[in-house]
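Enquirer: Sharing a structure below in structure tokens format, with a few things to ask.
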Amino acid sequence: MDLGLDVSERDGYTVLAVRGEVDVYTAPRFRERLIELVSEGKHRIIVDLEGVDFLDSTGLGVLVGGLKRLRSHDGDLLLVCTQSRILKVFEITGLTKVFSIYDSVDDAVAA
Amino acid sequence: MTERAVQLEIPAGAEFVALARLVVSAMAAGETQLSDDRVDDLKIAVSEACTNAIEAHDALDTEERVLVECWADESHLEVRIEDRGSGFDVSDLPEHPPVTDPERLKFERGLGIPLIRALVDEVEFSSSGDGTAVRLVMHHDDELDGEE
């Protein structure tokens, strides 16, 4: 199962575009990449979930851990997601109140 | 429609959770009248239950397989996921702080069972020291319409 993790820079933010399925098998790679970015001093990160086909609670755990890590560095983690099936897991778990979720990378950068 | 069933035994490895999702969603899409959204809901619930099962086997370092059974009839689709882990008390799960509490960020785990409860029509946990069985039920969309 492929998990794509593409990093780019955009107006002072590091954009991590995730593609594929995020579950217990792929989540460790996602977590490691986020930790690497924070270790490299990237403390303003946008995680773009538009290419994600599936995300369960292990993926949510990675994002919660990433947000905690970044906030401890006075940074932030923003999300981009418009897919209702992915947004639904954030809504059910109440995490829409924890994360700032935008419709596009442009909107996140402009926020 | 007569009852159709699928049985799958997966090794207790994280790489096999996607296979369980695939088999159950294929069964749901082919044998039931569930909408795509509800098939997606079921896939998440299956993923959560299989993840818990695999982690239960990991904790015991057992080579035993996780059993995934799925069957459908005119009214509903049912999935049973059975492990041979050491079991848990579903009534004694830790509660998370409210999402508005900064302490909430200390909890990266524990969202799976709340997700299962929210996404399927019925869920039942049977757990003992010999393992856990999770029963997930999705009623067909026209059956739900009839109840409204």
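Residues are named by chain letter and number: chains run A, B, ... in the order of the structure tokens, numbers start at 1 in each chain, and ligands are numbered from 1 in the order shown.
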Got a sec to tell me which of chain B DSSP assigns to strand (DSSP E or B), as a PyMOL selection string?

Expert: chain B and resi 4-10+66-72+76-82+122-128+131-139

Enquirer: Find the residues in chain B near chain A: any atom within 6 Å counts, using only C-alpha atoms. Write them as a PyMOL selection string.

Expert: chain B and resi 14-15+44+105+108-109+111-112

Enquirer: Which of chain B counts as helix (DSSP H, G or I) under DSSP, as a PyMOL selection string please?

Expert: chain B and resi 14-31+36-60+90-92+102-106+112-119+141-147

Enquirer: With a distance cut-off of 12 Å and only C-alpha atoms, select the neighbouring residues of B:Asp142, excluding the residue or stretch itself and same-chain residues fewer than 6 positions from it, and output the selection as a ChimeraX atom specification.

Expert: /B:32-35,74-76,148

Enquirer: Can you work out which one of B:Leu67, B:Leu93, B:Ala53, B:Val46 has the shortest atom-to-atom distance to B:Thr132, counting only C-alpha atoms?

Expert: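 Checking each candidate against B:Thr132, we get B:Ala53 as the closest.
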
Enquirer: Of the candidates A:Leu3, A:Ser8, A:Leu49, A:Tyr13, which shows the shortest atom-to-atom distance to A:Arg29, using only C-alpha atoms?

Expert: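 Result for the nearest residue to A:Arg29: A:Leu3.
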